file query23.tsv (TSV, C-alpha atoms)
chain	number	residue	atom	x	y	z
A	76	ARG	CA	57.15	23.20	8.49
A	77	ARG	CA	57.92	20.01	6.56
A	78	LEU	CA	55.65	18.42	3.93
A	79	SER	CA	56.34	14.73	3.34
A	80	CYS	CA	55.03	12.63	0.43
A	81	GLY	CA	55.23	8.84	0.39
A	82	PRO	CA	55.57	6.69	-2.78
A	83	ASP	CA	51.77	6.65	-3.19
A	84	GLN	CA	51.33	10.38	-2.49
A	85	ARG	CA	53.01	12.06	-5.45
A	86	ILE	CA	52.27	15.66	-6.33
A	87	ARG	CA	50.99	16.07	-9.90
A	88	ALA	CA	53.32	17.93	-12.23
A	89	ASP	CA	50.49	20.29	-13.22
A	90	ALA	CA	49.34	20.93	-9.64
A	91	PRO	CA	48.91	24.69	-9.00
A	92	VAL	CA	51.50	26.45	-6.84
A	93	LEU	CA	50.12	28.22	-3.75
A	94	ALA	CA	51.62	30.62	-1.22
A	95	ILE	CA	50.07	30.40	2.26
A	96	LYS	CA	50.18	32.93	5.11
A	97	GLY	CA	48.35	32.71	8.41
A	98	SER	CA	48.19	33.96	11.98
A	99	ALA	CA	46.28	33.20	15.16
A	100	ILE	CA	45.86	35.27	18.35
A	101	ALA	CA	44.02	34.05	21.46
A	102	GLY	CA	43.61	36.57	24.29
A	103	SER	CA	40.97	34.62	26.28
A	104	ASP	CA	38.11	32.16	25.82
A	105	GLU	CA	35.95	34.96	24.38
A	106	ASN	CA	38.57	36.91	22.44
A	107	ALA	CA	40.49	35.35	19.55
A	108	ARG	CA	41.46	36.01	15.94
A	109	LEU	CA	42.43	33.66	13.12
A	110	SER	CA	43.57	34.65	9.65
A	111	LEU	CA	44.57	32.52	6.67
A	112	VAL	CA	45.41	33.75	3.15
A	113	MET	CA	46.41	31.71	0.09
A	114	THR	CA	47.57	33.20	-3.20
A	115	ALA	CA	48.83	31.77	-6.47
A	116	PRO	CA	52.15	33.38	-7.54
A	117	GLY	CA	51.87	34.98	-10.95
A	118	ARG	CA	48.04	34.92	-10.84
A	119	THR	CA	45.32	37.07	-9.32
A	120	ASP	CA	43.77	34.13	-7.42
A	121	ARG	CA	43.19	34.78	-3.73
A	122	TYR	CA	41.60	32.58	-1.06
A	123	TRP	CA	41.14	33.87	2.47
A	124	LEU	CA	39.51	32.95	5.76
A	125	GLU	CA	39.18	35.16	8.82
A	126	ALA	CA	37.50	34.51	12.17
A	127	VAL	CA	37.13	36.94	15.06
A	128	LEU	CA	35.59	36.23	18.49
A	129	THR	CA	35.00	39.27	20.72
A	130	ASP	CA	32.96	39.32	23.93
A	131	GLY	CA	30.82	36.35	22.92
A	132	ARG	CA	30.14	37.57	19.38
A	133	ALA	CA	31.63	35.94	16.29
A	134	TRP	CA	32.56	37.24	12.87
A	135	LEU	CA	33.53	34.78	10.17
A	136	GLY	CA	34.56	35.74	6.66
A	137	LEU	CA	35.43	33.59	3.66
A	138	GLY	CA	36.52	34.72	0.23
A	139	LEU	CA	37.49	32.66	-2.79
A	140	HIS	CA	38.44	34.65	-5.91
A	141	GLU	CA	39.89	32.83	-8.89
A	142	GLY	CA	40.63	33.59	-12.52
A	143	PRO	CA	40.13	31.16	-15.43
A	144	GLY	CA	42.16	27.94	-15.25
A	145	GLY	CA	42.86	28.12	-11.52
A	146	LEU	CA	42.62	25.68	-8.61
A	147	GLY	CA	38.91	24.96	-9.21
A	148	ALA	CA	39.50	24.04	-12.86
A	149	ALA	CA	42.42	21.81	-11.82
A	150	ALA	CA	40.24	20.02	-9.26
A	151	ALA	CA	37.53	19.49	-11.91
A	152	ARG	CA	40.08	18.00	-14.33
A	153	ALA	CA	41.36	15.65	-11.63
A	154	ALA	CA	37.76	14.48	-11.05
A	155	GLY	CA	37.29	13.84	-14.79
A	156	ALA	CA	34.88	16.75	-15.32
A	157	THR	CA	34.98	19.47	-17.96
A	158	LEU	CA	33.77	22.90	-16.88
A	159	PRO	CA	31.91	25.10	-19.38
A	160	PRO	CA	34.36	27.61	-20.91
A	161	GLY	CA	31.88	30.44	-20.33
A	162	LEU	CA	32.27	30.28	-16.56
A	163	GLY	CA	35.72	31.91	-16.65
A	164	ALA	CA	36.61	33.67	-13.40
A	165	TRP	CA	34.56	32.89	-10.32
A	166	SER	CA	34.20	34.14	-6.74
A	167	LEU	CA	32.55	33.09	-3.49
A	168	ASP	CA	32.05	35.54	-0.64
A	169	ALA	CA	30.49	34.50	2.67
A	170	VAL	CA	30.01	36.26	6.02
A	171	ALA	CA	28.57	35.05	9.33
A	172	GLU	CA	28.23	37.29	12.38
A	173	GLY	CA	26.49	37.53	15.73
A	174	PRO	CA	26.23	35.50	18.93
A	175	PRO	CA	26.55	31.70	18.52
A	176	ARG	CA	22.83	31.21	19.24
A	177	ALA	CA	21.74	33.64	16.52
A	178	LEU	CA	24.41	33.77	13.84
A	179	THR	CA	23.31	35.49	10.64
A	180	VAL	CA	24.86	34.10	7.45
A	181	ALA	CA	25.04	35.34	3.87
A	182	ALA	CA	26.95	34.02	0.86
A	183	GLN	CA	27.08	34.70	-2.86
A	184	LEU	CA	28.63	32.71	-5.69
A	185	ASP	CA	29.35	34.27	-9.08
A	186	ALA	CA	30.88	32.31	-11.96
A	187	GLY	CA	30.46	34.10	-15.24
A	188	PRO	CA	26.70	34.15	-15.88
A	189	LEU	CA	26.05	31.67	-13.03
A	190	HIS	CA	24.80	33.15	-9.74
A	191	ALA	CA	23.75	31.65	-6.39
A	192	TRP	CA	22.82	33.16	-3.03
A	193	ILE	CA	22.13	31.92	0.50
A	194	ASP	CA	21.12	33.85	3.62
A	195	GLY	CA	19.46	33.23	6.97
A	196	SER	CA	20.37	32.42	10.55
A	197	VAL	CA	21.74	29.44	12.47
A	198	ASP	CA	22.00	28.43	16.13
A	199	LEU	CA	25.45	26.86	16.63
A	200	VAL	CA	24.65	25.77	20.20
A	201	ALA	CA	21.42	23.92	19.30
A	202	ARG	CA	22.81	23.01	15.88
A	203	SER	CA	19.68	24.20	14.14
A	204	SER	CA	18.59	26.80	11.62
A	205	GLY	CA	16.06	29.53	12.17
A	206	GLY	CA	15.60	29.74	8.42
A	207	LEU	CA	17.98	29.46	5.48
A	208	ARG	CA	17.02	30.61	1.98
A	209	LEU	CA	18.85	29.59	-1.18
A	210	ALA	CA	18.45	30.73	-4.77
A	211	ALA	CA	20.45	29.90	-7.88
A	212	GLU	CA	20.35	30.72	-11.57
A	213	LEU	CA	22.28	28.57	-14.03
A	214	PRO	CA	22.42	30.02	-17.55
A	215	ALA	CA	22.75	28.06	-20.79
A	216	MET	CA	25.71	25.72	-20.52
A	217	ALA	CA	26.92	22.15	-21.01
A	218	LEU	CA	28.68	19.78	-18.63
A	219	ALA	CA	30.65	16.61	-19.32
A	220	ALA	CA	32.31	14.00	-17.10
A	221	ASP	CA	34.30	10.87	-17.91
A	222	ALA	CA	31.76	8.41	-16.48
A	223	LEU	CA	28.57	10.31	-17.39
A	224	PRO	CA	26.96	11.43	-20.67
A	225	ALA	CA	27.21	15.11	-21.55
A	226	VAL	CA	24.19	17.22	-20.65
A	227	ALA	CA	23.25	20.75	-21.70
A	228	TRP	CA	20.42	23.15	-20.84
A	229	ARG	CA	19.13	26.64	-21.68
A	230	GLY	CA	18.52	27.63	-18.08
A	231	ILE	CA	17.92	26.26	-14.57
A	232	ARG	CA	16.40	28.12	-11.62
A	233	ILE	CA	16.40	26.81	-8.04
A	234	THR	CA	14.94	28.12	-4.78
A	235	ALA	CA	14.93	26.38	-1.40
A	236	ASN	CA	14.07	27.04	2.25
A	237	LEU	CA	15.40	25.04	5.21
A	238	SER	CA	14.88	25.29	8.96
A	239	GLY	CA	15.15	23.14	12.08
A	240	ALA	CA	17.81	20.79	13.45
A	241	PRO	CA	19.59	18.08	11.40
A	242	LYS	CA	17.48	15.37	13.09
A	243	ALA	CA	14.22	17.27	12.55
A	244	PRO	CA	14.61	19.43	9.44
A	245	ARG	CA	11.78	21.20	7.63
A	246	GLY	CA	12.04	22.62	4.16
A	247	SER	CA	10.85	23.07	0.63
A	248	ALA	CA	12.48	23.41	-2.78
A	249	TRP	CA	11.47	24.34	-6.32
A	250	VAL	CA	13.37	23.65	-9.55
A	251	GLU	CA	12.62	24.74	-13.10
A	252	ALA	CA	14.82	23.65	-16.02
A	253	ASP	CA	14.46	24.60	-19.69
A	254	GLY	CA	15.87	22.98	-22.81
A	255	LEU	CA	17.67	19.94	-21.40
A	256	VAL	CA	19.55	17.85	-23.98
A	257	SER	CA	21.63	14.68	-23.55
A	258	GLY	CA	22.55	12.79	-26.70
A	259	GLU	CA	19.36	12.12	-28.67
A	260	LEU	CA	17.12	12.78	-25.66
A	261	SER	CA	15.65	16.20	-24.93
A	262	VAL	CA	13.08	17.84	-22.65
A	263	SER	CA	11.53	21.26	-23.21
A	264	ARG	CA	10.85	21.96	-19.53
A	265	ILE	CA	10.93	20.31	-16.10
A	266	ASN	CA	9.10	21.70	-13.07
A	267	ALA	CA	9.67	20.00	-9.71
A	268	THR	CA	8.85	20.73	-6.08
A	269	ALA	CA	9.78	19.07	-2.80
A	270	VAL	CA	8.38	19.72	0.67
A	271	GLY	CA	8.71	17.86	3.93
A	272	ASP	CA	10.36	17.33	7.26
A	273	GLY	CA	12.42	14.65	9.01
A	274	THR	CA	9.59	12.10	8.86
A	275	ARG	CA	8.16	12.58	5.37
A	276	VAL	CA	9.22	14.21	2.09
A	277	GLN	CA	6.85	14.64	-0.84
A	278	LEU	CA	7.97	15.26	-4.42
A	279	ALA	CA	5.94	16.41	-7.41
A	280	GLY	CA	7.01	17.20	-10.93
A	281	GLU	CA	6.02	17.67	-14.54
A	282	ILE	CA	8.06	16.98	-17.68
A	283	ILE	CA	6.93	18.81	-20.82
A	284	GLY	CA	8.03	18.28	-24.42
A	285	LEU	CA	9.77	14.91	-24.66
A	286	GLY	CA	12.15	14.37	-27.55
A	287	SER	CA	13.70	10.98	-28.39
A	288	PRO	CA	14.86	8.95	-31.41
A	289	LEU	CA	11.85	6.64	-30.98
A	290	ALA	CA	9.07	6.85	-33.56
A	291	LEU	CA	6.28	8.13	-31.32
A	292	PRO	CA	3.22	10.18	-32.34
A	293	GLU	CA	3.30	13.92	-31.78
A	294	SER	CA	0.48	13.66	-29.24
A	295	ALA	CA	2.69	11.41	-27.08
A	296	THR	CA	5.76	13.65	-27.19
A	297	GLU	CA	3.73	16.78	-26.40
A	298	ALA	CA	1.72	15.21	-23.56
A	299	PRO	CA	3.19	16.03	-20.11
A	300	VAL	CA	4.67	13.39	-17.82
A	301	ARG	CA	3.39	13.94	-14.27
A	302	LEU	CA	5.23	12.41	-11.32
A	303	TRP	CA	4.49	12.21	-7.62
A	304	GLY	CA	6.54	10.56	-4.89
A	305	GLU	CA	6.84	10.24	-1.15
A	306	ILE	CA	9.56	8.89	1.12
A	307	GLU	CA	9.66	8.41	4.90
A	308	PRO	CA	13.30	8.85	6.05
A	309	THR	CA	12.62	7.50	9.55
A	310	GLY	CA	10.28	4.67	8.53
A	311	PRO	CA	11.36	1.01	8.72
A	312	GLY	CA	13.31	0.14	5.60
A	313	LEU	CA	12.91	3.67	4.15
A	314	PRO	CA	9.45	3.20	2.62
A	315	PHE	CA	8.57	5.06	-0.56
A	316	ARG	CA	5.67	5.53	-2.96
A	317	LEU	CA	5.79	6.66	-6.57
A	318	ALA	CA	3.26	7.45	-9.26
A	319	LEU	CA	3.74	8.40	-12.92
A	320	ARG	CA	1.10	9.29	-15.50
A	321	HIS	CA	1.52	9.83	-19.23
A	322	LEU	CA	-0.41	9.19	-22.40
A	323	LEU	CA	1.75	6.08	-23.01
A	324	LEU	CA	2.46	4.80	-19.51
A	325	GLU	CA	0.93	4.72	-16.02
A	326	VAL	CA	2.98	3.52	-13.03
A	327	ALA	CA	2.13	3.14	-9.34
A	328	ALA	CA	4.87	1.71	-7.10
A	329	ALA	CA	5.63	1.25	-3.41
A	330	GLY	CA	8.51	-0.38	-1.60
A	331	THR	CA	11.46	0.02	0.76
A	332	LEU	CA	14.75	1.50	-0.37
A	333	ALA	CA	16.83	-0.16	2.35
A	334	ASP	CA	15.52	-3.61	1.39
A	335	ARG	CA	15.68	-2.75	-2.33
A	336	ALA	CA	12.24	-4.25	-2.83
A	337	ALA	CA	9.19	-2.84	-4.61
A	338	HIS	CA	5.72	-3.71	-5.89
A	339	ALA	CA	4.51	-1.85	-8.96
A	340	THR	CA	1.63	-1.84	-11.40
A	341	LEU	CA	2.38	-0.74	-14.95
A	342	GLY	CA	-0.24	0.16	-17.50
A	343	LEU	CA	-0.02	0.81	-21.25
A	344	PRO	CA	-3.41	2.39	-21.90
A	345	ASP	CA	-2.97	3.00	-25.64
A	346	LEU	CA	-0.93	0.46	-27.61
A	347	GLY	CA	-1.85	2.30	-30.79
A	348	SER	CA	0.78	4.92	-29.93
A	349	PHE	CA	3.46	2.27	-30.49
A	350	SER	CA	2.33	1.40	-34.03
A	351	ALA	CA	5.04	3.42	-35.75
A	352	LEU	CA	7.64	2.09	-33.32
A	353	VAL	CA	6.93	-1.58	-34.13
A	354	GLY	CA	6.15	-0.86	-37.77
A	355	ALA	CA	2.67	-2.41	-37.70
A	356	PRO	CA	-0.87	-1.29	-36.76
A	357	LEU	CA	-1.75	-1.87	-33.10
A	358	SER	CA	-4.58	-1.03	-30.76
A	359	GLY	CA	-5.53	-2.19	-27.31
A	360	ALA	CA	-4.08	-1.99	-23.80
A	361	ALA	CA	-1.77	-3.89	-21.46
A	362	GLY	CA	-1.20	-4.10	-17.71
A	363	ILE	CA	1.52	-5.70	-15.56
A	364	ASP	CA	1.74	-6.40	-11.83
A	365	LEU	CA	5.45	-6.44	-10.96
A	366	ARG	CA	7.38	-7.45	-7.84
A	367	VAL	CA	11.13	-6.79	-7.64
A	368	ALA	CA	13.61	-7.71	-4.90
A	369	ALA	CA	17.26	-6.70	-5.40
A	370	ALA	CA	18.75	-7.62	-1.99
A	371	ASP	CA	20.89	-10.79	-1.82
A	372	ARG	CA	19.74	-12.68	-4.94
A	373	ALA	CA	17.73	-10.36	-7.16
A	374	ARG	CA	14.32	-11.64	-8.22
A	375	VAL	CA	11.59	-10.45	-10.60
A	376	ASP	CA	8.02	-11.75	-10.69
A	377	ALA	CA	5.44	-10.34	-13.07
A	378	VAL	CA	1.86	-11.16	-14.04
A	379	GLY	CA	0.16	-9.26	-16.84
A	380	GLU	CA	-2.72	-9.04	-19.27
A	381	LEU	CA	-2.70	-8.09	-22.94
A	382	ARG	CA	-5.95	-6.88	-24.52
A	383	LEU	CA	-5.49	-6.53	-28.27
A	384	THR	CA	-8.20	-5.14	-30.51
A	385	ARG	CA	-5.90	-4.80	-33.52
A	386	ALA	CA	-2.59	-6.50	-34.38
A	387	PRO	CA	-0.69	-7.57	-37.52
A	388	GLY	CA	-1.08	-10.99	-39.15
A	389	PRO	CA	-2.59	-13.79	-37.08
A	390	ILE	CA	-1.42	-12.41	-33.71
A	391	ARG	CA	-4.86	-11.22	-32.59
A	392	GLN	CA	-6.47	-14.53	-33.67
A	393	LEU	CA	-3.85	-16.51	-31.75
A	394	LEU	CA	-3.98	-14.42	-28.57
A	395	GLY	CA	-7.67	-13.61	-28.59
A	396	PRO	CA	-9.24	-10.61	-26.82
A	397	LEU	CA	-7.38	-11.37	-23.57
A	398	ALA	CA	-3.96	-13.02	-23.13
A	399	GLY	CA	-2.01	-13.64	-19.94
A	400	VAL	CA	1.73	-13.01	-19.48
A	401	VAL	CA	3.82	-14.48	-16.63
A	402	LEU	CA	7.51	-14.01	-15.80
A	403	SER	CA	9.49	-15.39	-12.88
A	404	ALA	CA	13.28	-14.95	-12.89
A	405	GLN	CA	16.06	-14.92	-10.33
A	406	ARG	CA	19.68	-13.80	-10.39
A	407	ASP	CA	22.10	-16.75	-10.20
A	408	GLY	CA	25.72	-15.59	-10.07
A	409	ASP	CA	26.42	-13.67	-13.28
A	410	ALA	CA	23.36	-15.18	-14.99
A	411	TRP	CA	19.59	-14.96	-14.76
A	412	ARG	CA	17.64	-18.15	-14.13
A	413	ILE	CA	14.26	-18.00	-15.85
A	414	ASP	CA	11.90	-20.24	-13.92
A	415	SER	CA	8.94	-19.34	-16.10
A	416	ALA	CA	8.21	-16.97	-18.96
A	417	ARG	CA	4.81	-17.73	-20.48
A	418	VAL	CA	2.15	-16.31	-22.78
A	419	ASP	CA	-1.32	-17.85	-22.62
A	420	GLY	CA	-3.75	-16.85	-25.35
A	421	ARG	CA	-6.96	-18.23	-26.84
A	422	HIS	CA	-5.18	-20.38	-29.47
A	423	LEU	CA	-1.54	-20.14	-28.33
A	424	THR	CA	0.44	-21.12	-25.26
A	425	ALA	CA	4.23	-20.58	-25.26
A	426	GLY	CA	6.86	-20.79	-22.55
A	427	ILE	CA	10.60	-20.47	-21.94
A	428	GLN	CA	12.75	-21.79	-19.09
A	429	GLY	CA	16.52	-21.84	-18.53
A	430	ARG	CA	19.51	-19.55	-17.96
A	431	VAL	CA	20.70	-16.36	-19.62
A	432	ALA	CA	24.40	-15.55	-19.10
A	433	PRO	CA	26.58	-12.81	-20.68
A	434	GLN	CA	28.18	-15.22	-23.16
A	435	ARG	CA	25.71	-18.10	-23.17
A	436	LEU	CA	22.03	-18.91	-23.60
A	437	ASP	CA	20.73	-22.21	-22.23
A	438	LEU	CA	16.99	-22.17	-22.82
A	439	GLY	CA	14.23	-24.67	-23.32
A	440	TRP	CA	10.86	-23.80	-24.80
A	441	ASP	CA	7.42	-25.20	-25.46
A	442	LEU	CA	4.65	-24.14	-27.86
A	443	GLU	CA	1.04	-25.26	-28.11
A	444	LEU	CA	-1.25	-24.38	-31.04
A	445	PRO	CA	-4.50	-26.25	-30.37
A	446	ASP	CA	-6.31	-24.69	-33.37
A	447	LEU	CA	-4.24	-24.15	-36.54
A	448	SER	CA	-7.14	-22.41	-38.24
A	449	ALA	CA	-6.17	-19.33	-36.24
A	450	LEU	CA	-2.99	-19.11	-38.32
A	451	ALA	CA	-4.61	-19.12	-41.74
A	452	GLU	CA	-7.94	-19.82	-43.36
A	453	GLY	CA	-8.28	-23.46	-44.40
A	454	TRP	CA	-5.70	-24.79	-41.90
A	455	SER	CA	-6.75	-27.41	-39.40

call {"tool": "encode", "arguments": {"input": "query23.tsv", "output": "structure tokens"}}
result
Amino acid sequence: RRLSCGPDQRIRADAPVLAIKGSAIAGSDENARLSLVMTAPGRTDRYWLEAVLTDGRAWLGLGLHEGPGGLGAAAARAAGATLPPGLGAWSLDAVAEGPPRALTVAAQLDAGPLHAWIDGSVDLVARSSGGLRLAAELPAMALAADALPAVAWRGIRITANLSGAPKAPRGSAWVEADGLVSGELSVSRINATAVGDGTRVQLAGEIIGLGSPLALPESATEAPVRLWGEIEPTGPGLPFRLALRHLLLEVAAAGTLADRAAHATLGLPDLGSFSALVGAPLSGAAGIDLRVAAADRARVDAVGELRLTRAPGPIRQLLGPLAGVVLSAQRDGDAWRIDSARVDGRHLTAGIQGRVAPQRLDLGWDLELPDLSALAEGWS
């Protein structure tokens, strides 16, 4: 057979060379055999597929066996990804057999110290699963891609169960990851679970041992981050809910993914934890009510309160025990139009309006200090 390549379909000079052999035999509607084998001349790589149909029963076999630097590594390079050198040779073996309404499946992937398994049964006629189970163990390794930061971990374990039809699936999953590192960020452990069906999926997770270049107290980095979320895949606009709790931050949000709109409340219960970060003593709390719409022209509206009990210089005297914060901004082409950004305190009112563009700031501001004695003793 002839293989044609147009001017925009050139074969890379480093593309691997493959030899392909195949055959097909069809005796009747219920008796057929298909075989396909690919090898790489000069290498031990072998890829094969075989399918047999006999008296209404099927047998399907797939095998992919490849040494280091083979077709898989070439595909990763073409996608801009760098595979961990420890993976070396890898293999995938899969078998499915039985009648189309009760086909048992089993597959295993081995790539150096990486292992993954899947087994269960499927109904090809109803296009549903009677129960599929998946497990994977990823050892210590690092991954890098052109467009993404490098990430490394000590170990990741995954288990999942899936059943039902594509339009009405049911399943659960559990993930545990240890020692994740990306740049200056690190996490000691992540535990996450997911459970749901075609109408609702619930997520829960815990992040333990945060590490970052920020100057945060040890109590904040050791405190766990707990997350909970829920999404309704069949609901109007893909509604979702999200909650996050930590010593430094509390978030509760709800919105619709399809509309790219959300309403969230953010709380900073202990401003004292940020003292080292800002280089000055702080204490108090803050809260923000936030509305975000990203469809068409993105818009952000926020209303908040700042309750300071300790702050450097005259800040606490100017703001008082309770200060209000307001922000209203909208995307305008490649710029943001700030309709209002205000702080209203006991002895200070300040505001900004205008446009913020990548190469230009066009802002107007106003400042009111009705009582100068709040700045320094003896002023009036």

call {"tool": "atom_distance", "arguments": {"input": "query23.tsv", "atom1": "CA of Leu255 in chain A", "atom2": "CA of Val326 in chain A"}}
result
23.6 Å

call {"tool": "closest_atom_pairs", "arguments": {"input": "query23.tsv", "of": "range 179-246 of chain A", "to": "range 308-318 of chain A", "cutoff": "12 Å", "atoms": "all atoms listed in the file", "output": "CSV"}}
result
residue,atom,partner,partner_atom,distance
A:Lys242,CA,A:Thr309,CA,9.9
A:Ala243,CA,A:Thr309,CA,10.3
A:Pro244,CA,A:Pro308,CA,11.2

call {"tool": "residues_around", "arguments": {"input": "query23.tsv", "residues": "Leu209 in chain A", "least_positions_apart": "4", "cutoff": "7 Å", "atoms": "all atoms listed in the file", "output": "PyMOL selection string"}}
result
chain A and resi 192-194+234-236

call {"tool": "closest_residue", "arguments": {"input": "query23.tsv", "among": "A:Ala298, A:Val92, A:Ala148, A:Leu291", "to": "Pro116 in chain A", "atoms": "all atoms listed in the file"}}
result
A:Val92

call {"tool": "atom_distance", "arguments": {"input": "query23.tsv", "atom1": "CA of Asp198 in chain A", "atom2": "CA of Leu178 in chain A"}}
result
6.3 Å
